[in-house]
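Engineer: What follows is the file query.tsv, containing TSV, C-alpha atoms:
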chain	number	residue	atom	x	y	z
A	271	ALA	CA	-14.52	-21.39	27.16
A	272	THR	CA	-13.22	-21.97	23.66
A	273	PRO	CA	-13.04	-18.67	21.74
A	274	PRO	CA	-15.21	-18.48	18.63
A	275	ALA	CA	-13.54	-19.45	15.39
A	276	PRO	CA	-12.65	-16.54	13.10
A	277	VAL	CA	-15.00	-15.76	10.26
A	278	PRO	CA	-13.42	-15.36	6.82
A	279	HIS	CA	-13.60	-11.90	5.29
A	280	ALA	CA	-15.50	-11.58	2.04
A	281	VAL	CA	-13.29	-11.80	-1.03
A	282	LEU	CA	-13.65	-9.16	-3.71
A	283	PRO	CA	-15.00	-10.74	-6.91
A	284	LEU	CA	-13.07	-10.59	-10.14
A	285	PRO	CA	-14.56	-8.37	-12.87
A	286	ASP	CA	-17.05	-10.28	-15.00
A	287	ASP	CA	-15.88	-8.42	-18.12
A	288	PRO	CA	-12.20	-8.04	-19.11
A	289	ALA	CA	-13.06	-4.60	-20.47
A	290	ILE	CA	-13.43	-3.38	-16.88
A	291	SER	CA	-9.81	-4.10	-16.03
A	292	ALA	CA	-8.69	-2.84	-19.44
A	293	ALA	CA	-10.40	0.50	-18.80
A	294	ILE	CA	-8.54	0.87	-15.50
A	295	CYS	CA	-5.19	-0.02	-17.06
A	296	ALA	CA	-5.53	2.07	-20.22
A	297	PRO	CA	-4.60	5.48	-18.78
A	298	TRP	CA	-1.83	3.98	-16.66
A	299	LEU	CA	-0.29	2.31	-19.71
A	300	GLN	CA	-0.58	5.49	-21.73
A	301	ARG	CA	1.06	7.48	-18.95
A	302	TRP	CA	4.03	5.16	-18.32
A	303	ALA	CA	5.45	3.25	-21.28
A	304	ALA	CA	7.59	1.09	-18.97
A	305	LEU	CA	4.49	-0.53	-17.47
A	306	ALA	CA	3.88	-3.79	-19.34
A	307	PRO	CA	0.30	-4.19	-20.57
A	308	THR	CA	0.24	-7.89	-19.66
A	309	LEU	CA	1.31	-7.08	-16.09
A	310	CYS	CA	-1.54	-4.64	-15.54
A	311	LEU	CA	-4.21	-6.59	-17.40
A	312	SER	CA	-3.37	-9.90	-15.72
A	313	ALA	CA	-3.92	-8.30	-12.30
A	314	GLN	CA	-7.67	-8.21	-13.12
A	315	LEU	CA	-8.27	-5.00	-11.23
A	316	ALA	CA	-11.78	-3.87	-10.42
A	317	PRO	CA	-13.15	-0.47	-9.44
A	318	SER	CA	-13.75	-0.24	-5.70
A	319	GLY	CA	-16.58	2.26	-6.03
A	320	ALA	CA	-14.43	4.96	-4.47
A	321	GLN	CA	-12.98	7.71	-6.62
A	322	SER	CA	-10.15	10.22	-6.57
A	323	VAL	CA	-10.61	13.99	-6.41
A	324	GLN	CA	-10.86	14.05	-10.21
A	325	GLY	CA	-13.28	11.15	-10.32
A	326	LEU	CA	-10.88	8.39	-11.32
A	327	PRO	CA	-11.61	4.91	-9.93
A	328	LEU	CA	-9.58	3.62	-6.99
A	329	ALA	CA	-8.95	0.08	-8.17
A	330	TRP	CA	-8.29	-3.02	-6.11
A	331	ARG	CA	-7.81	-6.76	-6.27
A	332	ASP	CA	-8.06	-9.56	-3.72
A	333	VAL	CA	-6.06	-12.78	-3.75
A	334	ALA	CA	-7.42	-15.19	-1.15
A	335	PRO	CA	-6.53	-18.76	-0.14
A	336	ALA	CA	-7.58	-21.23	-2.79
A	337	GLN	CA	-8.47	-23.85	-0.17
A	338	ALA	CA	-11.65	-23.18	1.77
A	339	GLU	CA	-10.22	-24.59	5.00
A	340	HIS	CA	-7.56	-21.85	4.96
A	341	ALA	CA	-10.01	-18.98	4.60
A	342	ALA	CA	-11.07	-18.50	8.23
A	343	ALA	CA	-7.51	-18.71	9.52
A	344	ALA	CA	-6.07	-16.44	6.84
A	345	GLN	CA	-3.85	-13.54	7.76
A	346	ARG	CA	-5.05	-10.35	6.07
A	347	VAL	CA	-2.46	-8.20	4.30
A	348	LEU	CA	-3.19	-4.85	2.68
A	349	VAL	CA	-0.69	-3.75	0.01
A	350	VAL	CA	-0.81	-0.11	-1.08
A	351	GLY	CA	1.16	1.45	-3.92
A	352	ALA	CA	1.54	4.98	-5.29
A	353	ILE	CA	0.22	6.91	-2.31
A	354	HIS	CA	2.58	9.42	-3.86
A	355	GLY	CA	1.69	9.68	-7.51
A	356	ASP	CA	5.23	10.36	-8.72
A	357	GLU	CA	6.49	7.02	-7.36
A	358	LEU	CA	5.50	4.98	-10.40
A	359	THR	CA	7.52	1.88	-9.55
A	360	ALA	CA	5.46	1.50	-6.36
A	361	ALA	CA	2.43	0.71	-8.49
A	362	ALA	CA	4.36	-1.73	-10.67
A	363	LEU	CA	5.71	-3.64	-7.67
A	364	ALA	CA	2.20	-4.07	-6.30
A	365	LEU	CA	1.08	-5.46	-9.67
A	366	HIS	CA	4.01	-7.89	-9.76
A	367	TRP	CA	3.07	-9.10	-6.30
A	368	VAL	CA	-0.51	-9.81	-7.37
A	369	ALA	CA	0.89	-12.49	-9.68
A	370	LEU	CA	3.19	-13.86	-6.97
A	371	ALA	CA	0.31	-14.03	-4.50
A	372	GLU	CA	-1.72	-16.02	-7.03
A	373	GLN	CA	1.12	-18.52	-7.38
A	374	VAL	CA	1.14	-19.34	-3.65
A	375	SER	CA	-2.60	-19.05	-2.94
A	376	ALA	CA	-3.07	-22.84	-3.14
A	377	ARG	CA	-0.83	-23.43	-0.14
A	378	GLN	CA	-0.90	-20.16	1.76
A	379	ALA	CA	-3.40	-18.98	4.40
A	380	VAL	CA	-3.18	-15.30	3.48
A	381	HIS	CA	-5.89	-13.00	2.20
A	382	TRP	CA	-4.17	-10.26	0.20
A	383	ARG	CA	-5.82	-7.00	-0.79
A	384	PHE	CA	-3.94	-4.90	-3.35
A	385	ILE	CA	-4.51	-1.21	-4.07
A	386	PRO	CA	-1.76	-0.57	-6.64
A	387	VAL	CA	-2.46	3.14	-7.21
A	388	LEU	CA	-4.04	5.04	-4.32
A	389	ASN	CA	-3.29	8.39	-5.98
A	390	PRO	CA	-4.30	8.05	-9.65
A	391	ASP	CA	-4.61	11.82	-10.16
A	392	GLY	CA	-0.99	12.35	-9.16
A	393	PHE	CA	0.10	9.23	-11.04
A	394	LEU	CA	-1.46	10.41	-14.30
A	395	ALA	CA	-0.46	14.08	-14.02
A	396	ARG	CA	2.20	15.36	-16.41
A	397	PRO	CA	4.59	15.50	-14.75
A	398	ALA	CA	3.46	13.07	-12.09
A	399	THR	CA	2.98	14.63	-8.66
A	400	ARG	CA	3.57	13.47	-5.11
A	401	THR	CA	0.30	15.08	-4.02
A	402	ASN	CA	-3.26	14.39	-5.15
A	403	ALA	CA	-5.26	16.77	-7.35
A	404	SER	CA	-6.01	18.96	-4.33
A	405	GLY	CA	-2.32	19.36	-3.62
A	406	VAL	CA	-2.45	17.19	-0.49
A	407	ASP	CA	0.25	14.72	0.54
A	408	LEU	CA	-1.97	11.72	1.27
A	409	ASN	CA	0.72	10.20	3.48
A	410	ARG	CA	0.32	13.12	5.89
A	411	ASN	CA	-3.49	13.13	5.90
A	412	PHE	CA	-4.28	10.28	8.32
A	413	PRO	CA	-5.81	11.03	11.74
A	414	THR	CA	-2.86	10.76	14.11
A	415	PRO	CA	-3.05	12.34	17.60
A	416	ASN	CA	-2.99	16.16	17.67
A	417	TRP	CA	-3.05	16.16	13.88
A	418	ALA	CA	-4.33	19.73	13.53
A	419	GLU	CA	-1.42	21.15	15.53
A	420	GLU	CA	1.42	18.75	14.82
A	421	SER	CA	0.95	18.30	11.08
A	422	VAL	CA	0.87	22.03	10.36
A	423	GLN	CA	3.78	22.68	12.72
A	424	TYR	CA	5.85	19.96	11.03
A	425	TRP	CA	4.95	21.28	7.58
A	426	GLU	CA	5.85	24.85	8.44
A	427	LYS	CA	9.02	24.26	10.46
A	428	ARG	CA	10.51	21.01	9.19
A	429	THR	CA	9.54	21.16	5.50
A	430	ARG	CA	9.52	24.98	5.27
A	431	ARG	CA	6.03	24.87	3.81
A	432	ASP	CA	7.05	22.53	1.00
A	433	PRO	CA	3.91	22.31	-1.20
A	434	ARG	CA	4.74	18.68	-2.01
A	435	ARG	CA	4.23	17.82	1.66
A	436	TRP	CA	1.14	19.83	2.54
A	437	PRO	CA	-0.93	17.68	4.96
A	438	GLY	CA	-4.25	19.18	3.88
A	439	PRO	CA	-6.91	21.33	5.54
A	440	ALA	CA	-8.02	18.56	7.91
A	441	ALA	CA	-7.25	14.93	8.68
A	442	LEU	CA	-8.97	12.63	6.15
A	443	SER	CA	-9.96	15.61	4.03
A	444	GLU	CA	-9.29	13.64	0.83
A	445	PRO	CA	-11.36	10.88	-0.79
A	446	GLU	CA	-8.25	8.75	-1.32
A	447	SER	CA	-7.18	8.82	2.33
A	448	GLN	CA	-10.80	8.28	3.39
A	449	PHE	CA	-10.92	5.16	1.23
A	450	LEU	CA	-7.76	3.72	2.74
A	451	HIS	CA	-8.95	4.62	6.22
A	452	ARG	CA	-12.14	2.61	5.57
A	453	GLN	CA	-10.05	-0.35	4.43
A	454	MET	CA	-8.10	-0.24	7.66
A	455	ALA	CA	-11.38	-0.53	9.56
A	456	GLU	CA	-13.37	-2.87	7.31
A	457	PHE	CA	-10.70	-5.21	5.99
A	458	ALA	CA	-8.93	-5.06	9.38
A	459	PRO	CA	-5.48	-6.05	8.06
A	460	ASP	CA	-2.95	-7.88	10.19
A	461	LEU	CA	-0.24	-6.18	8.14
A	462	VAL	CA	0.01	-3.18	5.84
A	463	VAL	CA	2.69	-2.97	3.16
A	464	SER	CA	3.11	0.56	1.83
A	465	ILE	CA	5.28	0.84	-1.28
A	466	HIS	CA	7.26	4.01	-2.04
A	467	ALA	CA	10.43	5.23	-3.78
A	468	PRO	CA	13.24	6.37	-4.08
A	469	TYR	CA	15.13	6.22	-0.75
A	470	GLY	CA	16.26	2.60	-1.18
A	471	VAL	CA	15.57	1.48	2.39
A	472	LEU	CA	13.10	-0.53	4.44
A	473	ASP	CA	11.06	1.27	7.11
A	474	PHE	CA	8.75	-0.16	9.76
A	475	ASP	CA	6.21	1.02	12.31
A	476	GLY	CA	4.46	-1.22	14.79
A	477	PRO	CA	4.85	-3.34	17.90
A	478	GLN	CA	6.37	-6.40	16.21
A	479	THR	CA	10.02	-7.10	15.54
A	480	PRO	CA	10.70	-5.47	12.16
A	481	PRO	CA	12.16	-7.36	9.23
A	482	SER	CA	15.89	-6.71	8.95
A	483	LYS	CA	15.74	-6.68	5.16
A	484	LEU	CA	13.59	-7.27	2.11
A	485	GLY	CA	15.81	-8.30	-0.75
A	486	MET	CA	18.51	-5.66	-1.04
A	487	LEU	CA	16.60	-3.16	1.10
A	488	GLN	CA	18.00	-2.91	4.61
A	489	LEU	CA	16.05	-1.76	7.65
A	490	SER	CA	16.52	1.95	8.35
A	491	GLN	CA	13.65	3.36	10.35
A	492	LEU	CA	13.06	6.90	9.17
A	493	GLY	CA	11.14	8.29	12.14
A	494	VAL	CA	7.54	9.22	12.90
A	495	PHE	CA	5.64	11.81	10.89
A	496	PRO	CA	2.33	13.47	11.79
A	497	GLY	CA	-0.47	12.11	9.61
A	498	SER	CA	1.55	9.31	8.02
A	499	LEU	CA	0.14	5.85	7.38
A	500	GLY	CA	2.98	4.31	9.40
A	501	ASN	CA	2.16	6.52	12.38
A	502	TYR	CA	-1.59	5.93	12.11
A	503	GLY	CA	-1.48	2.19	11.41
A	504	GLY	CA	1.66	1.06	13.20
A	505	LEU	CA	1.71	3.27	16.27
A	506	GLN	CA	-1.94	4.24	16.82
A	507	GLN	CA	-3.76	1.10	15.62
A	508	GLY	CA	-1.07	-1.46	16.47
A	509	VAL	CA	-1.10	-2.85	12.92
A	510	PRO	CA	2.45	-3.36	11.63
A	511	VAL	CA	3.26	-1.19	8.63
A	512	VAL	CA	6.15	-2.31	6.43
A	513	THR	CA	7.22	0.60	4.24
A	514	ILE	CA	9.21	-0.32	1.16
A	515	GLU	CA	11.30	2.45	-0.36
A	516	LEU	CA	12.49	1.27	-3.76
A	517	HIS	CA	15.70	2.73	-5.15
A	518	HIS	CA	14.11	4.40	-8.16
A	519	ALA	CA	10.72	5.96	-8.87
A	520	LEU	CA	10.89	5.26	-12.61
A	521	ARG	CA	13.13	2.20	-12.96
A	522	MET	CA	11.97	-1.13	-11.61
A	523	PRO	CA	14.31	-3.50	-9.81
A	524	GLN	CA	15.15	-6.67	-11.68
A	525	ARG	CA	12.78	-9.61	-11.51
A	526	ARG	CA	14.96	-11.59	-9.12
A	527	GLU	CA	14.97	-8.64	-6.70
A	528	VAL	CA	11.17	-8.33	-6.89
A	529	GLU	CA	10.92	-12.01	-5.96
A	530	ALA	CA	13.60	-11.75	-3.25
A	531	MET	CA	11.67	-8.97	-1.51
A	532	TRP	CA	8.53	-11.08	-1.73
A	533	GLN	CA	10.17	-14.17	-0.27
A	534	ASP	CA	11.71	-12.19	2.58
A	535	LEU	CA	8.32	-10.68	3.36
A	536	LEU	CA	6.69	-14.11	3.48
A	537	GLY	CA	9.45	-15.39	5.73
A	538	TRP	CA	9.01	-12.50	8.14
A	539	MET	CA	5.22	-12.90	8.14
A	540	GLY	CA	5.54	-16.58	9.03
A	541	LYS	CA	7.63	-15.74	12.09
A	542	HIS	CA	6.10	-12.51	13.35
A	543	LEU	CA	2.43	-12.29	12.34
A	544	PRO	CA	-0.05	-14.02	14.64
A	545	HIS	CA	-1.45	-17.29	13.36
A	546	LYS	CA	-5.20	-17.66	13.63
A	547	ALA	CA	-7.01	-20.79	14.71
A	548	SER	CA	-8.97	-22.55	12.02
A	549	ASN	CA	-12.59	-23.52	12.49
A	550	GLN	CA	-11.87	-26.98	11.07
Let me see the file written as structure tokens.
Structural biologist:
Amino acid sequence: ATPPAPVPHAVLPLPDDPAISAAICAPWLQRWAALAPTLCLSAQLAPSGAQSVQGLPLAWRDVAPAQAEHAAAAQRVLVVGAIHGDELTAAALALHWVALAEQVSARQAVHWRFIPVLNPDGFLARPATRTNASGVDLNRNFPTPNWAEESVQYWEKRTRRDPRRWPGPAALSEPESQFLHRQMAEFAPDLVVSIHAPYGVLDFDGPQTPPSKLGMLQLSQLGVFPGSLGNYGGLQQGVPVVTIELHHALRMPQRREVEAMWQDLLGWMGKHLPHKASNQ
């Protein structure tokens, strides 16, 4: 029997009032002078309805195929920036990629979902913090196997109880990690791109062949960590997780490098992500 055609996922609507996006961008722009107002405002971010520990909105934006016939067959890609609030360039790269996704939406069968700042409390703190407002490293708070034992053991023995890497009192204890966990289930991405800084490498978790490079970033798999998004998504859920580690947390790569990483990602996706049958 012929398998049923895929059903397109609902696309998040754009805000009906520019003031909504402006309200999201305002504190980010005030916090980081290097973030261009036009870059943030043009992303047309909307509140997701979820909030951080301190009640700040977790903002998002979808870019879907412009042609209706591409919608059902679209690959779904979730792009997440600033899981660690002190990695400011991670947010900026996600915003740059919103614009690049819009440029190719007319010819590309990809449904992108961008969450540029998963940790707004840490992002806006002075100084910015890796952890959220509860002091939890969100990238150690996902429900990987034996989390209760392994995450605490790793924190105590490998990090020597580094407060910047505390995994939290329980898996998914934080509203920010709960929100991303729901997106993994509801949006059901075919790929997750998690943007970090400042190790200057490319990491990967998942069953697929990893990309050898994105722009100047070369593949250097950093290992498996209890509670990490790469462990949860790539190893436990079988969803490939490409982890970008930019060279600097406060200084963006040049425009040509931003675009080179993007083009390399698209090239890898075309070869290694499954293509879905259209219902046309």
Engineer: For segment 404-447 of chain A versus segment 391-398 of chain A, which residues have an atom no more than 12 Å away, and what is each residue's nearest atom pair and distance in Å rounded to one decimal, using only C-alpha atoms, chain-then-number order, as JSON lines?
Structural biologist:
{"residue": "A:Ser404", "atom": "CA", "partner": "A:Asp391", "partner_atom": "CA", "distance": 9.3}
{"residue": "A:Gly405", "atom": "CA", "partner": "A:Gly392", "partner_atom": "CA", "distance": 9.0}
{"residue": "A:Val406", "atom": "CA", "partner": "A:Gly392", "partner_atom": "CA", "distance": 10.0}
{"residue": "A:Asp407", "atom": "CA", "partner": "A:Gly392", "partner_atom": "CA", "distance": 10.1}
{"residue": "A:Leu408", "atom": "CA", "partner": "A:Gly392", "partner_atom": "CA", "distance": 10.5}
{"residue": "A:Arg434", "atom": "CA", "partner": "A:Gly392", "partner_atom": "CA", "distance": 11.1}
{"residue": "A:Pro445", "atom": "CA", "partner": "A:Asp391", "partner_atom": "CA", "distance": 11.6}
{"residue": "A:Glu446", "atom": "CA", "partner": "A:Asp391", "partner_atom": "CA", "distance": 10.0}
Engineer: Select, from A:Ala379, A:Ala362, A:Gln314, A:Leu309, the residue with the minimum atom-to-atom distance to Ala341 of chain A, counting only C-alpha atoms.
Structural biologist: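 Answer, going by the shortest atom-to-atom distance: A:Ala379.
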Engineer: Considering all atoms listed in the file, tabulate each residue of segment 322-384 of chain A that lies at most 12 Å from segment 486-507 of chain A along with its nearest interatomic pair and the corresponding distance in Å to one decimal; arrange the rows by chain and ascending residue number and present them as CSV.
Structural biologist:
residue,atom,partner,partner_atom,distance
A:Leu348,CA,A:Gly503,CA,11.3
A:Val350,CA,A:Leu499,CA,10.4
A:Ile353,CA,A:Leu499,CA,9.7
A:His354,CA,A:Ser498,CA,11.9
Engineer: With only C-alpha atoms as the counted atoms, please give the residues lying no more than 8 Å from segment 320-336 of chain A, apart from itself and same-chain residues fewer than 2 positions off, as an mmCIF file with C-alpha atoms, keeping the file's coordinate frame.
Structural biologist:
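The result, stored in result.cif:
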data_model
loop_
_atom_site.group_PDB
_atom_site.id
_atom_site.type_symbol
_atom_site.label_atom_id
_atom_site.label_comp_id
_atom_site.auth_asym_id
_atom_site.auth_seq_id
_atom_site.Cartn_x
_atom_site.Cartn_y
_atom_site.Cartn_z
ATOM 1 C CA VAL A 281 -13.290 -11.800 -1.030
ATOM 2 C CA LEU A 282 -13.650 -9.160 -3.710
ATOM 3 C CA PRO A 283 -15.000 -10.740 -6.910
ATOM 4 C CA LEU A 284 -13.070 -10.590 -10.140
ATOM 5 C CA ILE A 294 -8.540 0.870 -15.500
ATOM 6 C CA ALA A 313 -3.920 -8.300 -12.300
ATOM 7 C CA GLN A 314 -7.670 -8.210 -13.120
ATOM 8 C CA LEU A 315 -8.270 -5.000 -11.230
ATOM 9 C CA ALA A 316 -11.780 -3.870 -10.420
ATOM 10 C CA PRO A 317 -13.150 -0.470 -9.440
ATOM 11 C CA SER A 318 -13.750 -0.240 -5.700
ATOM 12 C CA ALA A 338 -11.650 -23.180 1.770
ATOM 13 C CA HIS A 340 -7.560 -21.850 4.960
ATOM 14 C CA ALA A 341 -10.010 -18.980 4.600
ATOM 15 C CA ALA A 344 -6.070 -16.440 6.840
ATOM 16 C CA VAL A 368 -0.510 -9.810 -7.370
ATOM 17 C CA ALA A 371 0.310 -14.030 -4.500
ATOM 18 C CA GLU A 372 -1.720 -16.020 -7.030
ATOM 19 C CA SER A 375 -2.600 -19.050 -2.940
ATOM 20 C CA ALA A 376 -3.070 -22.840 -3.140
ATOM 21 C CA ARG A 377 -0.830 -23.430 -0.140
ATOM 22 C CA GLN A 378 -0.900 -20.160 1.760
ATOM 23 C CA ALA A 379 -3.400 -18.980 4.400
ATOM 24 C CA VAL A 380 -3.180 -15.300 3.480
ATOM 25 C CA HIS A 381 -5.890 -13.000 2.200
ATOM 26 C CA TRP A 382 -4.170 -10.260 0.200
ATOM 27 C CA ARG A 383 -5.820 -7.000 -0.790
ATOM 28 C CA PHE A 384 -3.940 -4.900 -3.350
ATOM 29 C CA ILE A 385 -4.510 -1.210 -4.070
ATOM 30 C CA PRO A 386 -1.760 -0.570 -6.640
ATOM 31 C CA VAL A 387 -2.460 3.140 -7.210
ATOM 32 C CA LEU A 388 -4.040 5.040 -4.320
ATOM 33 C CA ASN A 389 -3.290 8.390 -5.980
ATOM 34 C CA PRO A 390 -4.300 8.050 -9.650
ATOM 35 C CA ASP A 391 -4.610 11.820 -10.160
ATOM 36 C CA ASN A 402 -3.260 14.390 -5.150
ATOM 37 C CA ALA A 403 -5.260 16.770 -7.350
ATOM 38 C CA SER A 404 -6.010 18.960 -4.330
ATOM 39 C CA GLU A 444 -9.290 13.640 0.830
ATOM 40 C CA PRO A 445 -11.360 10.880 -0.790
ATOM 41 C CA GLU A 446 -8.250 8.750 -1.320
ATOM 42 C CA PHE A 449 -10.920 5.160 1.230
#
Engineer: Name all residues at most 10 Å from Leu461 of chain A (count all atoms listed in the file; drop same-chain ones fewer than 5 positions away) and give them as a CSV table (one decimal) with C-alpha atoms, in the frame of the given file.
Structural biologist:
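The result, stored in part-v6.csv:
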chain,number,residue,atom,x,y,z
A,345,GLN,CA,-3.8,-13.5,7.8
A,346,ARG,CA,-5.0,-10.4,6.1
A,347,VAL,CA,-2.5,-8.2,4.3
A,348,LEU,CA,-3.2,-4.8,2.7
A,349,VAL,CA,-0.7,-3.8,0.0
A,382,TRP,CA,-4.2,-10.3,0.2
A,454,MET,CA,-8.1,-0.2,7.7
A,476,GLY,CA,4.5,-1.2,14.8
A,503,GLY,CA,-1.5,2.2,11.4
A,504,GLY,CA,1.7,1.1,13.2
A,508,GLY,CA,-1.1,-1.5,16.5
A,509,VAL,CA,-1.1,-2.8,12.9
A,510,PRO,CA,2.4,-3.4,11.6
A,511,VAL,CA,3.3,-1.2,8.6
A,512,VAL,CA,6.2,-2.3,6.4
A,539,MET,CA,5.2,-12.9,8.1
A,543,LEU,CA,2.4,-12.3,12.3
Engineer: Let me make sure I understand: among A:His451, A:Asn411, A:Arg431, A:His542, which one has the smallest atom-to-atom distance to Pro477 of chain A if we use only C-alpha atoms?
Structural biologist: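 Looking only at the distances to Pro477 of chain A, the closest residue turns out to be A:His542.
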Engineer: I'd like the box whose edges run along x, y and z of the file and which contains every listed atom of segment 423-437 of chain A, padded by 6 Å per side; could you state its centre and edge lengths in Å, one decimal, as lines of an AutoDock Vina configuration file?
Structural biologist:
center_x = 4.8
center_y = 21.3
center_z = 5.4
size_x = 23.4
size_y = 19.3
size_z = 26.7
Engineer: Can you tell me how far atom CA of Leu305 of chain A sits from atom CA of Pro437 of chain A, in Å to one decimal?
Structural biologist: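 Straight-line distance from atom CA of Leu305 of chain A to atom CA of Pro437 of chain A works out to 29.4 Å.
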Engineer: So which one's closest to Trp302 of chain A, A:Arg521, A:Pro459, A:Asp475, A:His466? Using all atoms listed in the file, please.
Structural biologist: A:Arg521
Engineer: If you measure from atom CA of Glu426 of chain A to atom CA of Gly351 of chain A, what distance in Å do you get, rounded to one decimal?
Structural biologist: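 Computed distance, atom CA of Glu426 of chain A to atom CA of Gly351 of chain A, equals 26.9 Å.
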Engineer: May I ask for the distance between atom CA of Phe412 of chain A and atom CA of Ala441 of chain A, given in Å to one decimal place?
Structural biologist: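 Taking atom CA of Phe412 of chain A and atom CA of Ala441 of chain A, their separation equals 5.5 Å.
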Engineer: Tell me which of A:Leu370, A:Pro413, A:His518, A:Ala342 sits closest to Met531 of chain A, counting all atoms listed in the file.
Structural biologist: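 Among A:Leu370, A:Pro413, A:His518, A:Ala342, it is A:Leu370 that comes nearest to Met531 of chain A.
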Engineer: Counting all atoms listed in the file, which residues come within 12 Å of (8.8, -15.9, -4.6), with the point read in the file's coordinates, and could you list them as JSON, numbers by chain?
Structural biologist: {"A": [366, 367, 368, 369, 370, 371, 372, 373, 374, 375, 484, 485, 525, 526, 527, 528, 529, 530, 531, 532, 533, 534, 535, 536, 537]}
Engineer: Residues as selected, C-alpha atoms, written as a short mmCIF file (atom, residue, chain, number, x, y, z; two decimals), in the frame of the given file, can you do that?
Structural biologist:
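Everything below was put into again.cif:
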data_model
loop_
_atom_site.label_atom_id
_atom_site.label_comp_id
_atom_site.auth_asym_id
_atom_site.auth_seq_id
_atom_site.Cartn_x
_atom_site.Cartn_y
_atom_site.Cartn_z
CA HIS A 366 4.01 -7.89 -9.76
CA TRP A 367 3.07 -9.10 -6.30
CA VAL A 368 -0.51 -9.81 -7.37
CA ALA A 369 0.89 -12.49 -9.68
CA LEU A 370 3.19 -13.86 -6.97
CA ALA A 371 0.31 -14.03 -4.50
CA GLU A 372 -1.72 -16.02 -7.03
CA GLN A 373 1.12 -18.52 -7.38
CA VAL A 374 1.14 -19.34 -3.65
CA SER A 375 -2.60 -19.05 -2.94
CA LEU A 484 13.59 -7.27 2.11
CA GLY A 485 15.81 -8.30 -0.75
CA ARG A 525 12.78 -9.61 -11.51
CA ARG A 526 14.96 -11.59 -9.12
CA GLU A 527 14.97 -8.64 -6.70
CA VAL A 528 11.17 -8.33 -6.89
CA GLU A 529 10.92 -12.01 -5.96
CA ALA A 530 13.60 -11.75 -3.25
CA MET A 531 11.67 -8.97 -1.51
CA TRP A 532 8.53 -11.08 -1.73
CA GLN A 533 10.17 -14.17 -0.27
CA ASP A 534 11.71 -12.19 2.58
CA LEU A 535 8.32 -10.68 3.36
CA LEU A 536 6.69 -14.11 3.48
CA GLY A 537 9.45 -15.39 5.73
#
